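This is target.pdb. It holds PDB, C-alpha atoms and all ligand atoms.
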MODEL        1
ATOM      1  CA  MET H   1      68.350 100.752  62.349
ATOM      2  CA  LYS H   2      69.230  98.822  65.511
ATOM      3  CA  PRO H   3      70.436  95.202  65.184
ATOM      4  CA  LEU H   4      67.691  92.609  65.717
ATOM      5  CA  PHE H   5      69.255  91.137  68.888
ATOM      6  CA  LEU H   6      69.246  94.606  70.544
ATOM      7  CA  LEU H   7      65.578  95.087  69.712
ATOM      8  CA  LEU H   8      64.804  91.597  71.032
ATOM      9  CA  SER H   9      66.718  92.118  74.280
ATOM     10  CA  ARG H  10      64.944  95.475  74.800
ATOM     11  CA  GLY H  11      61.641  93.659  74.176
ATOM     12  CA  VAL H  12      62.523  90.986  76.756
ATOM     13  CA  GLU H  13      63.429  93.766  79.209
ATOM     14  CA  VAL H  14      60.058  95.494  78.688
ATOM     15  CA  VAL H  15      58.157  92.210  79.244
ATOM     16  CA  LEU H  16      60.214  91.434  82.379
ATOM     17  CA  ASP H  17      59.553  94.944  83.711
ATOM     18  CA  LEU H  18      55.822  94.386  83.254
ATOM     19  CA  LEU H  19      55.872  90.953  84.897
ATOM     20  CA  PHE H  20      58.339  91.795  87.674
ATOM     21  CA  PRO H  21      58.351  95.583  88.127
ATOM     22  CA  LYS H  22      61.396  97.084  89.807
ATOM     23  CA  ARG H  23      60.583  98.152  93.333
ATOM     24  CA  CYS H  24      62.608 100.517  95.517
ATOM     25  CA  VAL H  25      64.283  98.552  98.332
ATOM     26  CA  GLY H  26      63.842 101.573 100.608
ATOM     27  CA  CYS H  27      60.190 102.614 100.223
ATOM     28  CA  GLY H  28      58.637 100.082  97.837
ATOM     29  CA  GLN H  29      57.862 102.626  95.100
ATOM     30  CA  ILE H  30      57.623 100.998  91.670
ATOM     31  CA  GLY H  31      60.013 102.041  88.893
ATOM     32  CA  SER H  32      63.569 101.492  90.117
ATOM     33  CA  PHE H  33      65.562  99.528  92.708
ATOM     34  CA  ILE H  34      66.520 102.706  94.570
ATOM     35  CA  CYS H  35      64.107 105.608  93.902
ATOM     36  CA  SER H  36      65.435 109.148  93.518
ATOM     37  CA  ASN H  37      64.227 110.139  96.977
ATOM     38  CA  CYS H  38      65.885 107.179  98.742
ATOM     39  CA  TRP H  39      69.029 107.729  96.625
ATOM     40  CA  ARG H  40      69.194 111.354  97.817
ATOM     41  CA  THR H  41      68.696 110.469 101.464
ATOM     42  CA  LEU H  42      71.086 107.485 101.529
ATOM     43  CA  PRO H  43      73.289 107.943 104.617
ATOM     44  CA  ARG H  44      76.940 108.506 103.662
ATOM     45  CA  LEU H  45      80.206 107.996 105.469
ATOM     46  CA  VAL H  46      81.998 111.281 105.105
ATOM     47  CA  PRO H  47      85.318 112.625 106.462
ATOM     48  CA  PRO H  48      86.773 112.936 109.009
ATOM     49  CA  VAL H  49      87.605 109.214 108.989
ATOM     50  CA  CYS H  50      90.610 107.150 110.027
ATOM     51  CA  PRO H  51      92.899 107.355 106.952
ATOM     52  CA  LYS H  52      93.561 103.620 107.167
ATOM     53  CA  CYS H  53      90.346 101.755 108.060
ATOM     54  CA  GLY H  54      87.891 104.496 107.031
ATOM     55  CA  LYS H  55      85.886 104.418 110.273
ATOM     56  CA  PRO H  56      84.506 107.783 111.410
ATOM     57  CA  GLN H  57      87.194 109.453 113.488
ATOM     58  CA  PRO H  58      86.577 113.028 114.696
ATOM     59  CA  SER H  59      90.300 113.849 114.691
ATOM     60  CA  GLY H  60      90.836 112.516 111.171
ATOM     61  CA  LEU H  61      93.937 110.728 112.521
ATOM     62  CA  LEU H  62      94.782 107.025 112.679
ATOM     63  CA  CYS H  63      92.399 105.211 115.071
ATOM     64  CA  ALA H  64      93.646 103.186 118.040
ATOM     65  CA  SER H  65      93.140  99.769 116.409
ATOM     66  CA  CYS H  66      95.038 100.820 113.253
ATOM     67  CA  TRP H  67      97.915 101.975 115.480
ATOM     68  CA  ARG H  68      97.944  98.567 117.169
ATOM     69  CA  LYS H  69      97.605  96.541 113.937
ATOM     70  CA  PRO H  70      99.126  98.417 110.965
ATOM     71  CA  GLY H  71      98.423  95.647 108.393
ATOM     72  CA  LYS H  72      99.125  95.497 104.666
ATOM     73  CA  ILE H  73      96.155  97.345 103.206
ATOM     74  CA  ASP H  74      96.807 100.971 102.251
ATOM     75  CA  GLY H  75      93.295 102.103 103.126
ATOM     76  CA  ILE H  76      89.626 101.149 103.257
ATOM     77  CA  ARG H  77      86.765 103.401 102.238
ATOM     78  CA  SER H  78      83.016 102.752 102.274
ATOM     79  CA  ILE H  79      80.042 104.619 100.877
ATOM     80  CA  SER H  80      77.499 104.158 103.688
ATOM     81  CA  PRO H  81      77.049 102.790 107.173
ATOM     82  CA  PHE H  82      75.604  99.268 107.035
ATOM     83  CA  GLU H  83      72.022 100.206 107.903
ATOM     84  CA  GLY H  84      68.679 101.223 106.387
ATOM     85  CA  ILE H  85      68.339 101.283 102.613
ATOM     86  CA  MET H  86      71.933 100.210 102.001
ATOM     87  CA  GLN H  87      71.471  97.162 104.231
ATOM     88  CA  GLU H  88      68.240  96.289 102.373
ATOM     89  CA  ALA H  89      69.936  96.720  98.995
ATOM     90  CA  ILE H  90      72.890  94.501  99.934
ATOM     91  CA  HIS H  91      70.552  91.898 101.423
ATOM     92  CA  GLY H  92      68.637  91.831  98.127
ATOM     93  CA  LEU H  93      71.855  91.506  96.141
ATOM     94  CA  LYS H  94      73.250  88.683  98.281
ATOM     95  CA  TYR H  95      70.295  86.644  99.403
ATOM     96  CA  ASN H  96      67.301  87.469  97.163
ATOM     97  CA  ASN H  97      68.987  86.949  93.799
ATOM     98  CA  LEU H  98      68.528  90.661  93.033
ATOM     99  CA  LYS H  99      71.576  90.727  90.771
ATOM    100  CA  ALA H 100      70.356  93.729  88.744
ATOM    101  CA  ILE H 101      70.639  96.005  91.788
ATOM    102  CA  SER H 102      74.419  95.739  91.330
ATOM    103  CA  VAL H 103      74.007  98.315  88.512
ATOM    104  CA  PRO H 104      72.823 101.301  90.633
ATOM    105  CA  LEU H 105      75.040 100.194  93.535
ATOM    106  CA  ALA H 106      78.138 100.170  91.319
ATOM    107  CA  GLN H 107      77.246 103.717  90.251
ATOM    108  CA  LEU H 108      77.808 104.759  93.863
ATOM    109  CA  LEU H 109      81.278 103.190  93.759
ATOM    110  CA  ALA H 110      82.058 104.874  90.429
ATOM    111  CA  ILE H 111      80.949 108.288  91.710
ATOM    112  CA  TYR H 112      83.108 107.782  94.797
ATOM    113  CA  LEU H 113      86.184 106.997  92.677
ATOM    114  CA  GLU H 114      85.543 109.960  90.420
ATOM    115  CA  THR H 115      85.064 112.457  93.238
ATOM    116  CA  THR H 116      87.901 111.307  95.503
ATOM    117  CA  LEU H 117      90.430 110.829  92.690
ATOM    118  CA  LEU H 118      91.670 107.589  94.233
ATOM    119  CA  LEU H 119      94.380 106.482  91.800
ATOM    120  CA  VAL H 120      94.230 102.783  90.933
ATOM    121  CA  ASP H 121      95.224 100.685  87.905
ATOM    122  CA  VAL H 122      92.995  97.619  88.198
ATOM    123  CA  VAL H 123      89.882  96.348  89.977
ATOM    124  CA  VAL H 124      89.790  93.008  91.824
ATOM    125  CA  PRO H 125      86.635  91.654  93.491
ATOM    126  CA  VAL H 126      86.951  89.919  96.867
ATOM    127  CA  PRO H 127      86.520  86.281  95.845
ATOM    128  CA  LEU H 128      84.129  83.787  97.385
ATOM    129  CA  HIS H 129      85.123  80.196  98.032
ATOM    130  CA  PRO H 130      84.031  78.071  95.006
ATOM    131  CA  LYS H 131      81.575  76.209  97.293
ATOM    132  CA  ARG H 132      79.875  79.518  98.218
ATOM    133  CA  VAL H 133      79.702  80.553  94.539
ATOM    134  CA  TRP H 134      78.035  77.214  93.837
ATOM    135  CA  GLU H 135      75.534  77.761  96.692
ATOM    136  CA  ARG H 136      74.667  81.368  95.721
ATOM    137  CA  GLY H 137      75.136  81.038  91.976
ATOM    138  CA  TYR H 138      77.273  84.190  91.729
ATOM    139  CA  ASN H 139      79.746  86.376  93.583
ATOM    140  CA  GLN H 140      78.031  89.663  94.504
ATOM    141  CA  SER H 141      81.396  91.483  94.697
ATOM    142  CA  GLY H 142      82.211  90.190  91.213
ATOM    143  CA  LEU H 143      78.962  91.703  89.875
ATOM    144  CA  LEU H 144      79.746  95.062  91.516
ATOM    145  CA  ALA H 145      83.331  95.038  90.223
ATOM    146  CA  ARG H 146      82.256  94.133  86.683
ATOM    147  CA  GLU H 147      79.727  96.967  86.565
ATOM    148  CA  LEU H 148      82.204  99.413  88.117
ATOM    149  CA  CYS H 149      84.726  98.545  85.385
ATOM    150  CA  ARG H 150      82.078  99.035  82.705
ATOM    151  CA  LEU H 151      81.355 102.510  84.111
ATOM    152  CA  THR H 152      84.952 103.621  84.662
ATOM    153  CA  GLY H 153      86.876 101.766  81.942
ATOM    154  CA  LEU H 154      89.252 100.287  84.558
ATOM    155  CA  PRO H 155      90.418  96.718  83.824
ATOM    156  CA  LEU H 156      88.805  93.912  85.839
ATOM    157  CA  ILE H 157      91.208  91.217  87.033
ATOM    158  CA  GLY H 158      89.191  88.303  88.324
ATOM    159  CA  ASP H 159      91.635  85.426  87.904
ATOM    160  CA  CYS H 160      94.453  86.311  90.307
ATOM    161  CA  LEU H 161      93.041  86.236  93.804
ATOM    162  CA  TYR H 162      91.593  82.968  95.112
ATOM    163  CA  ARG H 163      89.864  82.012  98.319
ATOM    164  CA  PHE H 164      90.870  78.471  99.155
ATOM    165  CA  LYS H 165      89.637  78.282 102.760
ATOM    166  CA  TYR H 166      85.890  77.833 103.241
ATOM    167  CA  SER H 167      85.280  80.166 106.166
ATOM    168  CA  LEU H 168      82.147  81.203 107.991
ATOM    169  CA  PRO H 169      80.587  84.543 106.962
ATOM    170  CA  GLN H 170      81.990  87.429 109.017
ATOM    171  CA  THR H 171      79.201  88.360 111.421
ATOM    172  CA  LYS H 172      78.611  90.952 114.094
ATOM    173  CA  THR H 173      78.361  88.218 116.725
ATOM    174  CA  MET H 174      81.986  87.126 116.226
ATOM    175  CA  THR H 175      84.694  88.692 118.342
ATOM    176  CA  ALA H 176      87.314  90.734 116.508
ATOM    177  CA  GLU H 177      89.826  87.964 117.151
ATOM    178  CA  GLU H 178      87.477  85.313 115.684
ATOM    179  CA  ARG H 179      86.952  87.418 112.542
ATOM    180  CA  TRP H 180      90.680  87.777 111.963
ATOM    181  CA  ARG H 181      91.296  84.064 112.583
ATOM    182  CA  ASN H 182      88.411  83.179 110.261
ATOM    183  CA  VAL H 183      90.032  84.724 107.181
ATOM    184  CA  THR H 184      93.759  84.877 107.912
ATOM    185  CA  GLY H 185      95.578  82.896 105.245
ATOM    186  CA  ALA H 186      92.335  82.200 103.369
ATOM    187  CA  PHE H 187      93.449  83.911 100.143
ATOM    188  CA  SER H 188      96.218  83.416  97.666
ATOM    189  CA  CYS H 189      97.414  85.345  94.629
ATOM    190  CA  CYS H 190      98.120  82.777  91.940
ATOM    191  CA  ASN H 191     100.011  84.664  89.231
ATOM    192  CA  SER H 192     102.064  87.795  88.652
ATOM    193  CA  LYS H 193      99.500  89.831  86.665
ATOM    194  CA  LEU H 194      99.206  92.359  89.501
ATOM    195  CA  LYS H 195     102.939  92.919  89.941
ATOM    196  CA  GLY H 196     103.575  96.637  90.445
ATOM    197  CA  LYS H 197      99.863  97.506  90.093
ATOM    198  CA  ARG H 198      97.707  99.723  92.303
ATOM    199  CA  VAL H 199      94.769  97.471  93.097
ATOM    200  CA  LEU H 200      91.233  98.467  94.057
ATOM    201  CA  LEU H 201      89.600  95.626  95.998
ATOM    202  CA  ILE H 202      85.802  95.618  95.836
ATOM    203  CA  ASP H 203      83.478  94.092  98.418
ATOM    204  CA  ASP H 204      79.873  94.631  99.480
ATOM    205  CA  VAL H 205      80.339  95.074 103.237
ATOM    206  CA  CYS H 206      83.331  95.690 105.468
ATOM    207  CA  THR H 207      82.652  94.167 108.901
ATOM    208  CA  SER H 208      85.997  94.487 110.698
ATOM    209  CA  GLY H 209      88.346  94.940 107.753
ATOM    210  CA  ALA H 210      89.785  91.442 108.331
ATOM    211  CA  THR H 211      88.719  90.051 104.929
ATOM    212  CA  LEU H 212      90.113  93.025 103.000
ATOM    213  CA  GLU H 213      93.316  92.849 105.029
ATOM    214  CA  ALA H 214      93.738  89.119 104.316
ATOM    215  CA  CYS H 215      93.206  89.819 100.577
ATOM    216  CA  ALA H 216      95.674  92.729 100.654
ATOM    217  CA  ALA H 217      98.320  90.518 102.298
ATOM    218  CA  ALA H 218      97.919  87.925  99.508
ATOM    219  CA  LEU H 219      97.965  90.586  96.771
ATOM    220  CA  LYS H 220     101.095  92.231  98.173
ATOM    221  CA  ASP H 221     102.766  88.809  98.440
ATOM    222  CA  GLY H 222     101.905  88.522  94.743
ATOM    223  CA  GLY H 223     103.688  91.814  93.994
ATOM    224  CA  ALA H 224     100.866  94.423  94.066
ATOM    225  CA  ALA H 225     102.323  97.887  94.736
ATOM    226  CA  MET H 226      99.297  99.278  96.534
ATOM    227  CA  VAL H 227      95.948  97.889  97.681
ATOM    228  CA  TRP H 228      92.876  99.955  98.479
ATOM    229  CA  GLY H 229      89.587  98.466  99.630
ATOM    230  CA  LEU H 230      86.286 100.028  98.583
ATOM    231  CA  THR H 231      82.991  98.697  99.910
ATOM    232  CA  LEU H 232      79.386  99.784  99.648
ATOM    233  CA  ALA H 233      78.865  99.661 103.391
ATOM    234  CA  ARG H 234      80.651  99.169 106.638
ATOM    235  CA  GLU H 235      79.697  98.169 110.147
ATOM    236  CA  ILE H 236      80.305 101.048 112.496
TER     237      ILE H 236
HETATM  238 ZN    ZN N 301      62.521 104.709  97.687
HETATM  239 ZN    ZN N 302      91.503 102.907 111.716
ENDMDL
END

Could I get this structure in the form of structure tokens?
Amino acid sequence: MKPLFLLLSRGVEVVLDLLFPKRCVGCGQIGSFICSNCWRTLPRLVPPVCPKCGKPQPSGLLCASCWRKPGKIDGIRSISPFEGIMQEAIHGLKYNNLKAISVPLAQLLAIYLETTLLLVDVVVPVPLHPKRVWERGYNQSGLLARELCRLTGLPLIGDCLYRFKYSLPQTKTMTAEERWRNVTGAFSCCNSKLKGKRVLLIDDVCTSGATLEACAAALKDGGAAMVWGLTLAREI
């Protein structure tokens, strides 16, 4: 016999599903946030990519901008280009309070980790400035990281990396230089929990890589041995 609270929470879930049915962000079909058809046809970023920034690179070698700016991050990988269904899903997660979509989206991250055998010890979400958390009510990267840890059993470390500079969102309209300036020095690692650890940084979108790089610099200053960035999508 199931405990009463489990039966009650399942009951609440059933009522919520009836009142607010899940709708596919891609085609509108009722039943799930991403239907099986849209899941299957989700565009993927597949090799060959630049081993550092993860952008498509026909040669599979380091791209020109990674040659010019080596940086602290060991590598960035993303599941999809930032377009179509993935863009809709991330928009829902960030701006339409669609927190529950973090569950299927984190599955994509978990499958990626499992299939690529990327070796990491801990998961750290890219933090938002406290003011932005207050405005949005939650950190979307924190939701993704929490669900990823539930699926993989990796430990979630959410109290080491802080964002103390309130910067503008990284947008396509900014120049590369503006994006780097916007986040450089915005993060700090406040204790030694990550000393010697291989860290997996989680974010929703990688625009230029500047945010992940600024986080990696702070984490390595704090003693992290290795920092990989994994995002759902990236601007190409
Ligand atoms: Zn669909
Ligand atoms: Zn590159």

Cut-off 9 Å around (73.5, 99.8, 92.1) with only C-alpha atoms: residues as a VMD selection string: chain H and resid 33 to 34 89 100 to 109 144 147

Non-local contacts of region 218-233 of chain H (9 Å; all atoms listed in the file; under 6 positions in same chain excluded) as a PyMOL selection string: chain H and resi 45+72-83+86-87+90+105-106+108-109+118+120+160-161+185-207+209+212

Writing out the chosen residues with C-alpha atoms as an mmCIF file, keeping the file's coordinate frame:
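File written: out30.cif
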data_model
loop_
_atom_site.group_PDB
_atom_site.id
_atom_site.type_symbol
_atom_site.label_atom_id
_atom_site.label_comp_id
_atom_site.auth_asym_id
_atom_site.auth_seq_id
_atom_site.Cartn_x
_atom_site.Cartn_y
_atom_site.Cartn_z
ATOM 1 C CA LEU H 45 80.206 107.996 105.469
ATOM 2 C CA LYS H 72 99.125 95.497 104.666
ATOM 3 C CA ILE H 73 96.155 97.345 103.206
ATOM 4 C CA ASP H 74 96.807 100.971 102.251
ATOM 5 C CA GLY H 75 93.295 102.103 103.126
ATOM 6 C CA ILE H 76 89.626 101.149 103.257
ATOM 7 C CA ARG H 77 86.765 103.401 102.238
ATOM 8 C CA SER H 78 83.016 102.752 102.274
ATOM 9 C CA ILE H 79 80.042 104.619 100.877
ATOM 10 C CA SER H 80 77.499 104.158 103.688
ATOM 11 C CA PRO H 81 77.049 102.790 107.173
ATOM 12 C CA PHE H 82 75.604 99.268 107.035
ATOM 13 C CA GLU H 83 72.022 100.206 107.903
ATOM 14 C CA MET H 86 71.933 100.210 102.001
ATOM 15 C CA GLN H 87 71.471 97.162 104.231
ATOM 16 C CA ILE H 90 72.890 94.501 99.934
ATOM 17 C CA LEU H 105 75.040 100.194 93.535
ATOM 18 C CA ALA H 106 78.138 100.170 91.319
ATOM 19 C CA LEU H 108 77.808 104.759 93.863
ATOM 20 C CA LEU H 109 81.278 103.190 93.759
ATOM 21 C CA LEU H 118 91.670 107.589 94.233
ATOM 22 C CA VAL H 120 94.230 102.783 90.933
ATOM 23 C CA CYS H 160 94.453 86.311 90.307
ATOM 24 C CA LEU H 161 93.041 86.236 93.804
ATOM 25 C CA GLY H 185 95.578 82.896 105.245
ATOM 26 C CA ALA H 186 92.335 82.200 103.369
ATOM 27 C CA PHE H 187 93.449 83.911 100.143
ATOM 28 C CA SER H 188 96.218 83.416 97.666
ATOM 29 C CA CYS H 189 97.414 85.345 94.629
ATOM 30 C CA CYS H 190 98.120 82.777 91.940
ATOM 31 C CA ASN H 191 100.011 84.664 89.231
ATOM 32 C CA SER H 192 102.064 87.795 88.652
ATOM 33 C CA LYS H 193 99.500 89.831 86.665
ATOM 34 C CA LEU H 194 99.206 92.359 89.501
ATOM 35 C CA LYS H 195 102.939 92.919 89.941
ATOM 36 C CA GLY H 196 103.575 96.637 90.445
ATOM 37 C CA LYS H 197 99.863 97.506 90.093
ATOM 38 C CA ARG H 198 97.707 99.723 92.303
ATOM 39 C CA VAL H 199 94.769 97.471 93.097
ATOM 40 C CA LEU H 200 91.233 98.467 94.057
ATOM 41 C CA LEU H 201 89.600 95.626 95.998
ATOM 42 C CA ILE H 202 85.802 95.618 95.836
ATOM 43 C CA ASP H 203 83.478 94.092 98.418
ATOM 44 C CA ASP H 204 79.873 94.631 99.480
ATOM 45 C CA VAL H 205 80.339 95.074 103.237
ATOM 46 C CA CYS H 206 83.331 95.690 105.468
ATOM 47 C CA THR H 207 82.652 94.167 108.901
ATOM 48 C CA GLY H 209 88.346 94.940 107.753
ATOM 49 C CA LEU H 212 90.113 93.025 103.000
#

Explicit residues for the PyMOL selection byres (((not hetatm)) within 8 of (chain N and resi 301)) (as a list in words): Cys24, Val25, Gly26, Cys27, Gly28, Gln29, Phe33, Ile34, Cys35, Ser36, Asn37, Cys38 and Trp39 of chain H

Nearest to Lys99 (chain H), chosen from H:Leu143, H:Leu168, H:Leu62, H:Ile30, with all atoms listed in the file counted in the distances: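 Between H:Leu143, H:Leu168, H:Leu62, H:Ile30, the residue approaching Lys99 (chain H) most closely is H:Leu143.
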
Atom pair CA of Ser208 (chain H) / CA of Gln57 (chain H): separation (Å):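 Distance between the two atoms: 15.3 Å.
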
Point-to-point distance in Å for CA of Leu93 (chain H) and CA of Lys131 (chain H): 18.2 Å

For the contact check between chain H and ligand ZN 302 (chain N), emit one row per residue of chain H within 10 Å, containing the shortest atom pair and the distance in Å rounded to one decimal, counting all atoms listed in the file, chain then rising number order, as JSON lines.
{"residue": "H:Val49", "atom": "CA", "partner": "N:ZN302", "partner_atom": "ZN", "distance": 7.9}
{"residue": "H:Cys50", "atom": "CA", "partner": "N:ZN302", "partner_atom": "ZN", "distance": 4.7}
{"residue": "H:Pro51", "atom": "CA", "partner": "N:ZN302", "partner_atom": "ZN", "distance": 6.7}
{"residue": "H:Lys52", "atom": "CA", "partner": "N:ZN302", "partner_atom": "ZN", "distance": 5.0}
{"residue": "H:Cys53", "atom": "CA", "partner": "N:ZN302", "partner_atom": "ZN", "distance": 4.0}
{"residue": "H:Gly54", "atom": "CA", "partner": "N:ZN302", "partner_atom": "ZN", "distance": 6.1}
{"residue": "H:Lys55", "atom": "CA", "partner": "N:ZN302", "partner_atom": "ZN", "distance": 6.0}
{"residue": "H:Pro56", "atom": "CA", "partner": "N:ZN302", "partner_atom": "ZN", "distance": 8.5}
{"residue": "H:Gln57", "atom": "CA", "partner": "N:ZN302", "partner_atom": "ZN", "distance": 8.0}
{"residue": "H:Gly60", "atom": "CA", "partner": "N:ZN302", "partner_atom": "ZN", "distance": 9.6}
{"residue": "H:Leu61", "atom": "CA", "partner": "N:ZN302", "partner_atom": "ZN", "distance": 8.2}
{"residue": "H:Leu62", "atom": "CA", "partner": "N:ZN302", "partner_atom": "ZN", "distance": 5.4}
{"residue": "H:Cys63", "atom": "CA", "partner": "N:ZN302", "partner_atom": "ZN", "distance": 4.2}
{"residue": "H:Ala64", "atom": "CA", "partner": "N:ZN302", "partner_atom": "ZN", "distance": 6.7}
{"residue": "H:Ser65", "atom": "CA", "partner": "N:ZN302", "partner_atom": "ZN", "distance": 5.9}
{"residue": "H:Cys66", "atom": "CA", "partner": "N:ZN302", "partner_atom": "ZN", "distance": 4.4}
{"residue": "H:Trp67", "atom": "CA", "partner": "N:ZN302", "partner_atom": "ZN", "distance": 7.5}
{"residue": "H:Arg68", "atom": "CA", "partner": "N:ZN302", "partner_atom": "ZN", "distance": 9.5}
{"residue": "H:Lys69", "atom": "CA", "partner": "N:ZN302", "partner_atom": "ZN", "distance": 9.1}
{"residue": "H:Pro70", "atom": "CA", "partner": "N:ZN302", "partner_atom": "ZN", "distance": 8.9}
{"residue": "H:Gly75", "atom": "CA", "partner": "N:ZN302", "partner_atom": "ZN", "distance": 8.8}
{"residue": "H:Ile76", "atom": "CA", "partner": "N:ZN302", "partner_atom": "ZN", "distance": 8.8}
{"residue": "H:Gly209", "atom": "CA", "partner": "N:ZN302", "partner_atom": "ZN", "distance": 9.4}

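Atom pair CA of Ser32 (chain H) / CA of Tyr112 (chain H) has a distance of 21.1 Å (rounded to one decimal).
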
Nearest residue to Val126 (chain H) from the set H:Glu177, H:Glu235, H:Glu213, H:Glu114 (distances using all atoms listed in the file): H:Glu213

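Evaluated against this file, the PyMOL selection byres (((chain H and resi 153) around 12) and not hetatm) yields Ala110, Leu113, Glu114, Val120, Asp121, Val122, Val123, Ala145, Arg146, Glu147, Leu148, Cys149, Arg150, Leu151, Thr152, Leu154, Pro155 and Leu156 of chain H.
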
The PyMOL selection byres (((chain H and resi 181) around 12) and not hetatm) resolved against shown file, as a PyMOL selection string: chain H and resi 165+167-168+170+174-180+182-186+208+210-211+213-214

As AutoDock Vina command-line options, please report the centre and edge lengths, rounded to one decimal in Å, of the axis-aligned box that holds all listed atoms of region 123-127 of chain H with 8 Å of padding on each of the six sides.
--center_x 88.2 --center_y 91.3 --center_z 93.4 --size_x 19.4 --size_y 26.1 --size_z 22.9

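Among the candidates H:Gly31, H:Lys22, H:Glu135, H:Pro43, the one nearest to Tyr95 (chain H) when counting all atoms listed in the file is H:Glu135.
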